[in-house]
>>> print(open('final17.json').read())   # JSON, C-alpha atoms
[["chain", "number", "residue", "atom", "x", "y", "z"],
["W", 674, "MET", "CA", 19.47, 64.78, -27.43],
["W", 675, "THR", "CA", 19.03, 61.23, -28.69],
["W", 676, "ILE", "CA", 16.05, 60.40, -30.78],
["W", 677, "VAL", "CA", 15.20, 57.03, -32.23],
["W", 678, "LYS", "CA", 15.84, 57.03, -36.01],
["W", 679, "GLU", "CA", 12.22, 56.32, -36.85],
["W", 680, "ALA", "CA", 10.70, 58.26, -33.96],
["W", 681, "ARG", "CA", 6.97, 58.09, -33.53],
["W", 682, "ASN", "CA", 5.31, 61.43, -33.21],
["W", 683, "ASN", "CA", 1.87, 62.76, -32.40],
["W", 684, "ARG", "CA", -0.85, 60.21, -33.28],
["W", 685, "GLU", "CA", 1.56, 57.32, -33.92],
["W", 686, "ILE", "CA", 2.33, 56.86, -30.20],
["W", 687, "ARG", "CA", 0.48, 53.77, -28.90],
["W", 688, "ALA", "CA", 1.09, 53.97, -25.12],
["W", 689, "ARG", "CA", -1.72, 55.06, -22.75],
["W", 690, "GLU", "CA", 0.61, 57.08, -20.49],
["W", 691, "VAL", "CA", 3.88, 58.78, -21.33],
["W", 692, "ARG", "CA", 6.59, 60.64, -19.44],
["W", 693, "VAL", "CA", 6.73, 64.11, -21.01],
["W", 694, "ILE", "CA", 9.81, 66.33, -21.28],
["W", 695, "ASP", "CA", 9.36, 69.91, -22.50],
["W", 696, "GLU", "CA", 11.43, 71.87, -25.06],
["W", 697, "ASP", "CA", 13.96, 73.00, -22.43],
["W", 698, "GLY", "CA", 14.63, 69.47, -21.15],
["W", 699, "GLU", "CA", 12.53, 69.87, -17.99],
["W", 700, "GLN", "CA", 10.36, 66.94, -16.93],
["W", 701, "ILE", "CA", 6.66, 67.72, -16.91],
["W", 702, "GLY", "CA", 5.68, 64.30, -15.54],
["W", 703, "ILE", "CA", 3.64, 61.27, -16.47],
["W", 704, "LEU", "CA", 0.55, 62.23, -18.45],
["W", 705, "ALA", "CA", -2.19, 60.42, -20.30],
["W", 706, "ILE", "CA", -1.52, 60.39, -24.04],
["W", 707, "GLU", "CA", -4.54, 62.60, -24.75],
["W", 708, "ARG", "CA", -3.35, 65.24, -22.25],
["W", 709, "ALA", "CA", 0.22, 65.10, -23.66],
["W", 710, "LEU", "CA", -1.08, 65.56, -27.22],
["W", 711, "ALA", "CA", -3.26, 68.47, -26.10],
["W", 712, "LEU", "CA", -0.24, 70.06, -24.40],
["W", 713, "ALA", "CA", 1.80, 69.68, -27.58],
["W", 714, "GLN", "CA", -0.98, 71.19, -29.68],
["W", 715, "GLU", "CA", -1.35, 74.03, -27.19],
["W", 716, "ARG", "CA", 2.39, 74.84, -27.46],
["W", 717, "GLU", "CA", 2.31, 74.31, -31.27],
["W", 718, "VAL", "CA", 5.01, 71.61, -31.25],
["W", 719, "ASP", "CA", 5.15, 67.85, -31.83],
["W", 720, "LEU", "CA", 5.11, 65.08, -29.25],
["W", 721, "VAL", "CA", 8.00, 62.78, -30.18],
["W", 722, "GLU", "CA", 8.60, 59.37, -28.60],
["W", 723, "VAL", "CA", 12.27, 59.34, -27.59],
["W", 724, "SER", "CA", 12.51, 56.15, -25.58],
["W", 725, "PRO", "CA", 9.80, 53.66, -26.53],
["W", 726, "ASN", "CA", 11.18, 50.82, -24.38],
["W", 727, "ALA", "CA", 11.05, 52.75, -21.10],
["W", 728, "SER", "CA", 8.19, 52.21, -18.71],
["W", 729, "PRO", "CA", 6.26, 54.48, -19.33],
["W", 730, "PRO", "CA", 7.65, 55.57, -22.75],
["W", 731, "VAL", "CA", 9.46, 58.91, -22.74],
["W", 732, "CYS", "CA", 8.16, 61.61, -25.09],
["W", 733, "ARG", "CA", 9.58, 65.03, -25.80],
["W", 734, "LEU", "CA", 7.86, 68.21, -26.89],
["W", 735, "MET", "CA", 9.75, 69.62, -29.89],
["W", 736, "ASP", "CA", 9.43, 70.98, -33.40],
["W", 737, "TYR", "CA", 10.17, 67.69, -35.17],
["W", 738, "GLY", "CA", 10.56, 69.25, -38.63],
["W", 739, "LYS", "CA", 13.15, 71.70, -37.34],
["W", 740, "TYR", "CA", 14.96, 68.87, -35.55],
["W", 741, "LYS", "CA", 15.12, 66.74, -38.73],
["W", 742, "TYR", "CA", 16.35, 69.77, -40.71],
["W", 743, "ARG", "CA", 19.17, 70.45, -38.23],
["W", 744, "GLN", "CA", 20.07, 66.76, -38.16],
["W", 745, "THR", "CA", 20.47, 66.60, -41.95],
["W", 746, "LYS", "CA", 22.51, 69.83, -41.99],
["W", 747, "GLU", "CA", 24.87, 68.45, -39.32],
["W", 748, "GLU", "CA", 25.17, 65.19, -41.25],
["W", 749, "ARG", "CA", 26.08, 67.06, -44.44],
["W", 750, "SER", "CA", 28.65, 69.24, -42.72],
["W", 751, "SER", "CA", 30.28, 66.25, -41.03],
["W", 752, "ARG", "CA", 30.42, 64.47, -44.39],
["W", 753, "LYS", "CA", 31.96, 67.57, -45.98],
["W", 754, "ASN", "CA", 34.66, 67.86, -43.30],
["W", 755, "ARG", "CA", 35.57, 64.20, -43.50],
["W", 756, "ALA", "CA", 38.79, 63.56, -45.39],
["W", 757, "ALA", "CA", 38.11, 61.43, -48.43],
["W", 758, "THR", "CA", 40.94, 58.99, -48.93],
["W", 759, "THR", "CA", 41.05, 57.15, -52.18],
["W", 760, "LEU", "CA", 43.30, 54.43, -53.47],
["W", 761, "LYS", "CA", 45.59, 55.60, -56.27],
["W", 762, "GLU", "CA", 47.34, 53.06, -58.46],
["W", 763, "VAL", "CA", 50.82, 53.46, -59.95],
["W", 764, "ARG", "CA", 52.10, 50.83, -62.37],
["W", 765, "PHE", "CA", 55.71, 49.89, -62.91],
["W", 766, "SER", "CA", 57.44, 47.54, -65.31],
["W", 767, "PRO", "CA", 60.33, 45.22, -64.44],
["W", 768, "VAL", "CA", 62.41, 46.78, -67.26],
["W", 769, "MET", "CA", 61.91, 50.47, -66.42],
["W", 770, "ASP", "CA", 64.69, 53.02, -66.63],
["W", 771, "ARG", "CA", 65.72, 54.84, -63.44],
["W", 772, "HIS", "CA", 64.29, 58.16, -64.70],
["W", 773, "ASP", "CA", 60.85, 56.58, -65.26],
["W", 774, "ILE", "CA", 60.95, 55.04, -61.78],
["W", 775, "ASN", "CA", 61.89, 58.40, -60.23],
["W", 776, "TYR", "CA", 59.08, 60.15, -62.11],
["W", 777, "ARG", "CA", 56.52, 57.68, -60.79],
["W", 778, "VAL", "CA", 57.98, 57.88, -57.28],
["W", 779, "ASP", "CA", 57.40, 61.65, -57.44],
["W", 780, "ARG", "CA", 53.76, 60.99, -58.39],
["W", 781, "ILE", "CA", 53.39, 58.57, -55.45],
["W", 782, "ASN", "CA", 54.96, 61.18, -53.18],
["W", 783, "LYS", "CA", 52.39, 63.75, -54.34],
["W", 784, "PHE", "CA", 49.51, 61.32, -53.74],
["W", 785, "LEU", "CA", 50.79, 60.54, -50.24],
["W", 786, "GLU", "CA", 51.10, 64.26, -49.42],
["W", 787, "GLU", "CA", 47.45, 64.69, -50.40],
["W", 788, "GLY", "CA", 46.56, 61.92, -47.94],
["W", 789, "HIS", "CA", 45.72, 59.16, -50.43],
["W", 790, "LYS", "CA", 46.71, 55.53, -50.16],
["W", 791, "VAL", "CA", 48.72, 54.13, -53.05],
["W", 792, "LYS", "CA", 48.82, 50.72, -54.68],
["W", 793, "ALA", "CA", 52.20, 50.34, -56.40],
["W", 794, "PHE", "CA", 52.51, 47.32, -58.62],
["W", 795, "VAL", "CA", 54.84, 45.81, -61.18],
["W", 796, "ARG", "CA", 53.05, 44.14, -64.10],
["W", 797, "PHE", "CA", 54.87, 41.27, -65.74],
["W", 798, "LEU", "CA", 54.22, 40.49, -69.41],
["W", 799, "ARG", "CA", 54.83, 37.12, -71.06],
["W", 800, "ARG", "CA", 58.46, 36.05, -70.56],
["W", 801, "GLN", "CA", 59.09, 38.63, -67.81],
["W", 802, "MET", "CA", 57.31, 36.25, -65.44],
["W", 803, "SER", "CA", 60.38, 34.00, -65.48],
["W", 804, "HIS", "CA", 62.40, 36.73, -63.68],
["W", 805, "PRO", "CA", 60.29, 38.12, -60.81],
["W", 806, "GLU", "CA", 63.46, 39.32, -59.06],
["W", 807, "HIS", "CA", 63.58, 42.27, -61.52],
["W", 808, "GLY", "CA", 60.17, 43.39, -60.25],
["W", 809, "HIS", "CA", 61.30, 42.97, -56.65],
["W", 810, "ASP", "CA", 64.31, 45.18, -57.42],
["W", 811, "VAL", "CA", 62.06, 47.91, -58.87],
["W", 812, "LEU", "CA", 59.72, 47.89, -55.85],
["W", 813, "ARG", "CA", 62.66, 47.78, -53.45],
["W", 814, "THR", "CA", 64.01, 50.93, -55.12],
["W", 815, "VAL", "CA", 60.61, 52.60, -54.85],
["W", 816, "LEU", "CA", 60.20, 51.68, -51.17],
["W", 817, "GLU", "CA", 63.70, 52.92, -50.33],
["W", 818, "GLN", "CA", 62.94, 56.30, -51.90],
["W", 819, "LEU", "CA", 59.63, 56.60, -50.05],
["W", 820, "GLU", "CA", 60.64, 55.24, -46.64],
["W", 821, "ASP", "CA", 60.56, 58.68, -44.95],
["W", 822, "VAL", "CA", 57.06, 59.63, -46.21],
["W", 823, "ALA", "CA", 55.21, 56.30, -46.52],
["W", 824, "VAL", "CA", 54.18, 53.38, -44.36],
["W", 825, "VAL", "CA", 54.14, 50.01, -46.11],
["W", 826, "GLU", "CA", 50.75, 48.50, -45.32],
["W", 827, "ARG", "CA", 51.51, 45.26, -47.11],
["W", 828, "ARG", "CA", 54.87, 43.94, -48.24],
["W", 829, "PRO", "CA", 55.22, 43.15, -51.97],
["W", 830, "ILE", "CA", 53.50, 39.90, -52.90],
["W", 831, "MET", "CA", 52.72, 38.23, -56.22],
["W", 832, "GLU", "CA", 49.08, 38.33, -57.32],
["W", 833, "GLY", "CA", 48.79, 36.63, -60.69],
["W", 834, "ASN", "CA", 51.08, 38.52, -63.07],
["W", 835, "GLN", "CA", 51.52, 41.49, -60.69],
["W", 836, "LEU", "CA", 53.83, 42.15, -57.78],
["W", 837, "THR", "CA", 51.77, 44.43, -55.51],
["W", 838, "THR", "CA", 52.40, 46.57, -52.43],
["W", 839, "TYR", "CA", 50.20, 49.10, -50.61],
["W", 840, "LEU", "CA", 51.47, 52.38, -49.14],
["W", 841, "SER", "CA", 49.82, 54.94, -46.89],
["W", 842, "PRO", "CA", 51.09, 58.35, -45.77],
["W", 843, "LYS", "CA", 53.01, 58.68, -42.52],
["W", 844, "PRO", "CA", 51.10, 60.96, -40.14],
["W", 845, "HIS", "CA", 54.04, 63.30, -39.53],
["W", 846, "ALA", "CA", 55.02, 63.55, -43.23],
["W", 847, "LYS", "CA", 52.03, 65.74, -44.10],
["W", 848, "ARG", "CA", 52.59, 68.05, -41.15],
["W", 849, "ALA", "CA", 56.33, 68.34, -41.78],
["W", 850, "ARG", "CA", 55.78, 69.51, -45.35],
["W", 851, "GLY", "CA", 53.07, 71.96, -44.31],
["W", 852, "ASP", "CA", 55.29, 73.45, -41.57],
["W", 853, "GLY", "CA", 58.20, 73.85, -43.99],
["W", 854, "ALA", "CA", 56.00, 75.67, -46.49],
["W", 855, "ALA", "CA", 54.83, 78.03, -43.74],
["W", 856, "THR", "CA", 58.36, 78.92, -42.69],
["W", 857, "ASN", "CA", 59.41, 79.56, -46.30],
["W", 858, "SER", "CA", 56.51, 81.95, -46.91],
["W", 859, "GLU", "CA", 57.24, 83.77, -43.62],
["W", 860, "ALA", "CA", 60.87, 84.29, -44.64],
["W", 861, "GLU", "CA", 59.88, 86.08, -47.89]]
>>> encode(input="final17.json", output="structure tokens")
Amino acid sequence: MTIVKEARNNREIRAREVRVIDEDGEQIGILAIERALALAQEREVDLVEVSPNASPPVCRLMDYGKYKYRQTKEERSSRKNRAATTLKEVRFSPVMDRHDINYRVDRINKFLEEGHKVKAFVRFLRRQMSHPEHGHDVLRTVLEQLEDVAVVERRPIMEGNQLTTYLSPKPHAKRARGDGAATNSEAE
């Protein structure tokens, strides 16, 4: 059932004649607006203009309040079921130790498993800007470690004093981890 967002109902309808459809979707026919309003009042429902551009306009007999209530409930439930992806940021330095890089790669891995996108960047301070190849080496190491779980959305590029890349989860990576967890719990 499609209803115009700002549907006119009852006394707001301006046409002289309307095509009326009842609550079950059956066509009643073309009626004068007064007769259609009387029919709606008789059945204790609203007359809602569904298609104002048709000739004559199409109106439907329905409980408009109940319809709006159901529509907002469906909207809320669809919003609730929608996966909220956020952008997580992980900062690296061009002079990081391997252990620190591995720790942050584990954090990125966790974010990707949760379905988030990740912005990994190397921030250069003062004289570090003269050796951007150190930052490229750090990001290359990160990307090599994440190649089986992440898709590189944008290759590393310099933006001011930062070398930035964007990662998103591979579709099969989430499922593969979930399947493995299921088989481990079944074995116990």
>>> residues_around(input="final17.json", residues="Asn782 (chain W)", least_positions_apart="4", cutoff="10 Å", atoms="all atoms listed in the file", output="list in words")
Tyr776, Arg777, Val778, Glu786, Glu787, Gly788, His789, Val791, Gln818, Leu819, Val822, Ala823 and Pro842 of chain W
>>> atom_distance(input="final17.json", atom1="CA of Gly808 (chain W)", atom2="CA of Thr759 (chain W)")
24.9 Å
>>> atom_distance(input="final17.json", atom1="CA of Arg716 (chain W)", atom2="CA of Arg733 (chain W)")
12.3 Å
>>> residues_around(input="final17.json", residues="Leu720 (chain W)", least_positions_apart="6", cutoff="9 Å", atoms="all atoms listed in the file", output="number ranges by chain")
W: 681-684, 686, 693, 709-710, 712-714, 732-737
>>> closest_residue(input="final17.json", among="W:Phe784, W:Ala705, W:Met831, W:Val691", to="Ser724 (chain W)", atoms="only C-alpha atoms")
W:Val691
>>> residues_around(input="final17.json", residues="Val795 (chain W)", least_positions_apart="2", cutoff="6 Å", atoms="all atoms listed in the file", output="mmCIF file with C-alpha atoms, keeping the file's coordinate frame")
data_model
loop_
_atom_site.group_PDB
_atom_site.id
_atom_site.type_symbol
_atom_site.label_atom_id
_atom_site.label_comp_id
_atom_site.auth_asym_id
_atom_site.auth_seq_id
_atom_site.Cartn_x
_atom_site.Cartn_y
_atom_site.Cartn_z
ATOM 1 C CA ARG W 764 52.100 50.830 -62.370
ATOM 2 C CA PHE W 765 55.710 49.890 -62.910
ATOM 3 C CA SER W 766 57.440 47.540 -65.310
ATOM 4 C CA GLY W 808 60.170 43.390 -60.250
ATOM 5 C CA GLN W 835 51.520 41.490 -60.690
ATOM 6 C CA LEU W 836 53.830 42.150 -57.780
#
>>> decode(input="final17.json", residues="region 681-695 of chain W", atoms="N, CA, C and O atoms", output="mmCIF file, in the first residue's frame")
data_model
loop_
_atom_site.group_PDB
_atom_site.id
_atom_site.type_symbol
_atom_site.label_atom_id
_atom_site.label_comp_id
_atom_site.auth_asym_id
_atom_site.auth_seq_id
_atom_site.Cartn_x
_atom_site.Cartn_y
_atom_site.Cartn_z
ATOM 1 N N ARG W 681 -3.610 13.678 2.125
ATOM 2 C CA ARG W 681 -4.766 14.455 2.552
ATOM 3 C C ARG W 681 -5.824 13.475 3.023
ATOM 4 O O ARG W 681 -6.034 12.443 2.402
ATOM 5 N N ASN W 682 -6.482 13.814 4.107
ATOM 6 C CA ASN W 682 -7.547 12.937 4.545
ATOM 7 C C ASN W 682 -8.777 13.743 4.932
ATOM 8 O O ASN W 682 -8.697 14.927 5.220
ATOM 9 N N ASN W 683 -9.897 13.085 4.877
ATOM 10 C CA ASN W 683 -11.205 13.632 5.207
ATOM 11 C C ASN W 683 -11.486 14.981 4.549
ATOM 12 O O ASN W 683 -11.586 15.058 3.340
ATOM 13 N N ARG W 684 -11.571 16.048 5.277
ATOM 14 C CA ARG W 684 -12.020 17.348 4.749
ATOM 15 C C ARG W 684 -10.941 18.097 3.961
ATOM 16 O O ARG W 684 -11.223 19.147 3.402
ATOM 17 N N GLU W 685 -9.735 17.587 3.903
ATOM 18 C CA GLU W 685 -8.659 18.258 3.164
ATOM 19 C C GLU W 685 -8.703 17.950 1.664
ATOM 20 O O GLU W 685 -8.035 18.602 0.883
ATOM 21 N N ILE W 686 -9.447 16.944 1.257
ATOM 22 C CA ILE W 686 -9.519 16.537 -0.144
ATOM 23 C C ILE W 686 -10.327 17.573 -0.918
ATOM 24 O O ILE W 686 -11.450 17.912 -0.540
ATOM 25 N N ARG W 687 -9.783 18.088 -2.027
ATOM 26 C CA ARG W 687 -10.391 19.189 -2.763
ATOM 27 C C ARG W 687 -11.158 18.761 -4.025
ATOM 28 O O ARG W 687 -11.848 19.558 -4.625
ATOM 29 N N ALA W 688 -11.011 17.524 -4.458
ATOM 30 C CA ALA W 688 -11.658 17.078 -5.697
ATOM 31 C C ALA W 688 -13.165 16.931 -5.485
ATOM 32 O O ALA W 688 -13.635 16.684 -4.374
ATOM 33 N N ARG W 689 -13.940 17.069 -6.586
ATOM 34 C CA ARG W 689 -15.400 16.903 -6.499
ATOM 35 C C ARG W 689 -15.790 15.436 -6.491
ATOM 36 O O ARG W 689 -16.714 15.028 -5.815
ATOM 37 N N GLU W 690 -15.062 14.634 -7.320
ATOM 38 C CA GLU W 690 -15.317 13.189 -7.393
ATOM 39 C C GLU W 690 -14.014 12.453 -7.122
ATOM 40 O O GLU W 690 -12.945 12.917 -7.495
ATOM 41 N N VAL W 691 -14.140 11.302 -6.478
ATOM 42 C CA VAL W 691 -12.956 10.491 -6.175
ATOM 43 C C VAL W 691 -13.262 9.016 -6.442
ATOM 44 O O VAL W 691 -14.412 8.581 -6.372
ATOM 45 N N ARG W 692 -12.221 8.285 -6.783
ATOM 46 C CA ARG W 692 -12.337 6.830 -6.920
ATOM 47 C C ARG W 692 -12.046 6.256 -5.539
ATOM 48 O O ARG W 692 -10.990 6.508 -4.964
ATOM 49 N N VAL W 693 -12.979 5.485 -4.997
ATOM 50 C CA VAL W 693 -12.875 5.010 -3.616
ATOM 51 C C VAL W 693 -12.516 3.525 -3.603
ATOM 52 O O VAL W 693 -13.084 2.721 -4.329
ATOM 53 N N ILE W 694 -11.551 3.196 -2.743
ATOM 54 C CA ILE W 694 -11.136 1.808 -2.509
ATOM 55 C C ILE W 694 -11.396 1.522 -1.036
ATOM 56 O O ILE W 694 -11.033 2.317 -0.163
ATOM 57 N N ASP W 695 -12.010 0.378 -0.732
ATOM 58 C CA ASP W 695 -12.341 0.094 0.667
ATOM 59 C C ASP W 695 -11.150 -0.499 1.427
ATOM 60 O O ASP W 695 -10.056 -0.631 0.889
#
